[in-house]
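First up is the structure itself, then whatever we jot down about it.
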Amino acid sequence: PFITPFAKMLRNELNYELKVIVYPNALSTTWALVEGEVDLALSPLITQLYAYSLTKALRVIGGGAYGGAAVMSNQKALSDDIASSELSTMDACRAVAIKEGISPAARTYYFTKPADEVVKLALEGRVRYLVVWHPLIEKLLGFGLKPIIECKDLDISYCCTLAASARLERDLREKLSRTYVRALEEFMKSPKRWVEWYSAKVGIEVDVIEKGLKYYEFRPYLDRSLINKMLRRVGIEIPNLESLTNAIEIY
């Protein structure tokens with residue numbers, strides 16, 4: 001919902017209208033930016049960094065939200081498999097949980113449409129562990145699943161961050177970055193104030209968004225030390241960390 005004050009500031013200060021497009025998952029969102037379908041994307045930092053390493057078509061210019069995600073356990077499951085979304089924050093959380101023995105998963109199942117697949121997987125007992133975010137956490141709690149650990153406690157310190165197309169001039173990327181940071185700071189003063197516009201744009205009910213505010217925390221700025229710590233914990237080696245963090249622009 002912090003894109004609400006961002007949209008307002010873009011219109012009033014830079015004379016840009018923010019058109020919001022919702023994609024079904026992290027990969028399609030980030031690839032839309034790479035392909036030039038959109039100029040900006042809020043998608044998982046992990047996804048953006050991999051896309052940068054493949055294409056150099058984007059730059060990460062702003063922070064965002066983190067928290068709001070957890071590894072959940074289904075004690076009625078028929079296997080020790082784990083499910084998460086692919087090349088995403090959930091995938092990073094999954095990797096750390098497995099590496100550190102928190103969820104000794106046998107195999108990984110990736111869902112492409114989490115909202116449709118998560119509940120089905122839980123009810124069918126096909127996987128023991130699911131890495132999900134609010135509001136899917138609440139749905140799984142309703143089916144008797146238990147949280148094992150929150151992703152932020154595994155040093156997953158950024159979830160979705162703001163990336164800009166490398167086609168945009170650097171001066172414009174800087175203006176967008178600075179405006180975005182101020183918008184996030186404005187949002188954090190009174191989060192509920194900005195929910196209704198966002199709800200109308202993305203089709204998520206107001207009460208669901210407001211509940212989510214207690215799960216998520218917000219970090220307007222990019223912090224290379226936190227990002228490097230997260231990447232090391234995840235265990236990303238190819239491409240190397242230095243080449244990945246070249247995607248980060250801090251103004």
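Residue numbers start at 1 in each chain; chains themselves are named A, B, ... in the order of the structure tokens; ligands are numbered from 1 in the order shown.
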
Return as a Markdown table the residues of segment 133-176 of chain A lying at most 12 Å from segment 1-7 of chain A, together with the closest atom-to-atom pair for each and the distance in Å to one decimal, counting only C-alpha atoms, with rows in chain order and ascending residue number.
```
| residue | atom | partner | partner_atom | distance |
| --- | --- | --- | --- | --- |
| A:Cys160 | CA | A:Phe2 | CA | 11.9 |
| A:Thr161 | CA | A:Ile3 | CA | 11.6 |
| A:Leu162 | CA | A:Ile3 | CA | 10.3 |
| A:Lys175 | CA | A:Phe6 | CA | 11.9 |
| A:Leu176 | CA | A:Phe6 | CA | 9.2 |
```

Compile the contact shell of segment 17-33 of chain A as a VMD selection string: residues with an atom at most 9 Å away, counting only C-alpha atoms, same-chain residues fewer than 2 positions apart removed.
-> chain A and resid 3 6 to 8 10 to 11 14 to 15 35 to 44 47 to 48 51 57 to 58 85 to 89 112 to 114 163 to 165 201 to 202

Taking C-alpha atoms for each residue, export the selection above as a PDB file, in the first residue's frame.
```pdb
ATOM      1  CA  ILE A   3       2.641   2.782  -3.603  1.00  0.00           C
ATOM      2  CA  PHE A   6       4.216   7.141  -4.275  1.00  0.00           C
ATOM      3  CA  ALA A   7       1.557   7.561  -6.962  1.00  0.00           C
ATOM      4  CA  LYS A   8       0.450  10.846  -5.402  1.00  0.00           C
ATOM      5  CA  LEU A  10       4.781  11.121  -8.834  1.00  0.00           C
ATOM      6  CA  ARG A  11       1.712  12.941 -10.120  1.00  0.00           C
ATOM      7  CA  LEU A  14       7.079  14.747 -11.499  1.00  0.00           C
ATOM      8  CA  ASN A  15       3.882  14.821 -13.577  1.00  0.00           C
ATOM      9  CA  GLU A  35      10.951  -7.134 -21.503  1.00  0.00           C
ATOM     10  CA  GLY A  36       9.978  -3.464 -21.273  1.00  0.00           C
ATOM     11  CA  GLU A  37       6.282  -4.050 -20.549  1.00  0.00           C
ATOM     12  CA  VAL A  38       6.630  -1.877 -17.430  1.00  0.00           C
ATOM     13  CA  ASP A  39       9.095   0.780 -16.244  1.00  0.00           C
ATOM     14  CA  LEU A  40       9.122  -0.177 -12.556  1.00  0.00           C
ATOM     15  CA  ALA A  41       8.463  -3.391 -10.676  1.00  0.00           C
ATOM     16  CA  LEU A  42       7.877  -4.287  -7.059  1.00  0.00           C
ATOM     17  CA  SER A  43       9.017  -7.888  -6.904  1.00  0.00           C
ATOM     18  CA  PRO A  44      11.306 -10.005  -4.715  1.00  0.00           C
ATOM     19  CA  THR A  47      14.224 -12.450  -8.390  1.00  0.00           C
ATOM     20  CA  GLN A  48      15.450  -9.018  -9.446  1.00  0.00           C
ATOM     21  CA  ALA A  51      17.191 -11.163 -13.659  1.00  0.00           C
ATOM     22  CA  ALA A  57      18.158  -4.830 -17.935  1.00  0.00           C
ATOM     23  CA  LEU A  58      17.197  -3.473 -14.512  1.00  0.00           C
ATOM     24  CA  SER A  85       7.332 -20.029  -5.070  1.00  0.00           C
ATOM     25  CA  GLU A  86      10.323 -20.239  -7.413  1.00  0.00           C
ATOM     26  CA  LEU A  87      13.279 -17.788  -7.448  1.00  0.00           C
ATOM     27  CA  SER A  88      11.508 -15.621  -4.898  1.00  0.00           C
ATOM     28  CA  THR A  89      11.806 -14.467  -1.302  1.00  0.00           C
ATOM     29  CA  THR A 112       3.097 -21.010  -9.984  1.00  0.00           C
ATOM     30  CA  LYS A 113      -0.239 -19.701  -8.700  1.00  0.00           C
ATOM     31  CA  PRO A 114       0.135 -19.741  -4.922  1.00  0.00           C
ATOM     32  CA  ALA A 163      13.472  -2.093  -9.535  1.00  0.00           C
ATOM     33  CA  ALA A 164      13.601   0.246 -12.515  1.00  0.00           C
ATOM     34  CA  SER A 165      14.272  -0.501 -16.150  1.00  0.00           C
ATOM     35  CA  LYS A 201      -6.024  -0.909  -7.766  1.00  0.00           C
ATOM     36  CA  VAL A 202      -4.988  -4.485  -6.948  1.00  0.00           C
TER      37      VAL A 202
END
```

How many Å separate atom CA of Ser84 of chain A from atom CA of Asn246 of chain A?
->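 One can read the atom CA of Ser84 of chain A to atom CA of Asn246 of chain A distance as 27.0 Å.
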
Residue set, segment 22-199 of chain A restricted to alpha helix (DSSP H), as JSON, numbers by chain = {"A": [26, 27, 28, 29, 30, 31, 32, 33, 34, 45, 46, 47, 48, 49, 50, 51, 52, 53, 54, 55, 89, 90, 91, 92, 93, 94, 95, 96, 97, 98, 99, 114, 115, 116, 117, 118, 119, 120, 121, 122, 123, 124, 136, 137, 138, 139, 140, 141, 142, 170, 171, 172, 173, 174, 175, 176, 177, 178, 179, 180, 181, 182, 183, 184, 185, 186, 187, 188, 189, 195, 196, 197, 198, 199]}

Counting only C-alpha atoms, which residues of segment 43-81 of chain A fall within 8 Å of segment 92-111 of chain A, and what is the closest atom pair for each with its distance in Å at one decimal, ordered by chain and rising number, as a Markdown table?
```
| residue | atom | partner | partner_atom | distance |
| --- | --- | --- | --- | --- |
| A:Ile46 | CA | A:Ala92 | CA | 7.4 |
| A:Val71 | CA | A:Arg94 | CA | 7.5 |
| A:Ser79 | CA | A:Ala106 | CA | 8.0 |
| A:Asp80 | CA | A:Ala105 | CA | 5.2 |
| A:Asp81 | CA | A:Arg107 | CA | 4.8 |
```

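Across A:Ile227, A:Ile61, A:Leu244, A:Met72, the tightest approach to Cys159 of chain A is made by A:Ile227 when counting only C-alpha atoms.
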
Who sits within 9 Å of Ile250 of chain A, only C-alpha atoms, same chain under 6 positions skipped, as a list in words |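 After dropping sequence-adjacent residues, the list is Val60, Ile61, Gly62, Glu174, Ser177, Tyr221, Leu222, Asp223 and Arg224 of chain A.
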
For Leu136 of chain A, list every protein, DNA or RNA residue within 10 Å, evaluated using only C-alpha atoms, and leave out those in the same chain fewer than 3 positions away; present the list as number ranges by chain.
-> A: 68-70, 114-115, 118-119, 131-133, 139-142

Do you know which residues are at most 9 Å from Gln75 of chain A counting only C-alpha atoms, after dropping those on the same chain fewer than 5 positions away, and could you put them as an MDAnalysis selection string?
-> chainID A and resid 125 128:129 144:146

Counting only C-alpha atoms, which of A:Glu186, A:Glu117, A:Ser199, A:Met90 gets nearest to Val234 of chain A?
-> A:Met90

Rounded to one decimal in Å, what is the spacing between atom CA of Tyr158 of chain A and atom CA of Gly67 of chain A?
-> 7.9 Å

Would you mind reading off the distance between atom CA of Pro147 of chain A and atom CA of Gly63 of chain A, one decimal, in Å?
->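 We find that atom CA of Pro147 of chain A and atom CA of Gly63 of chain A lie 26.0 Å from each other.
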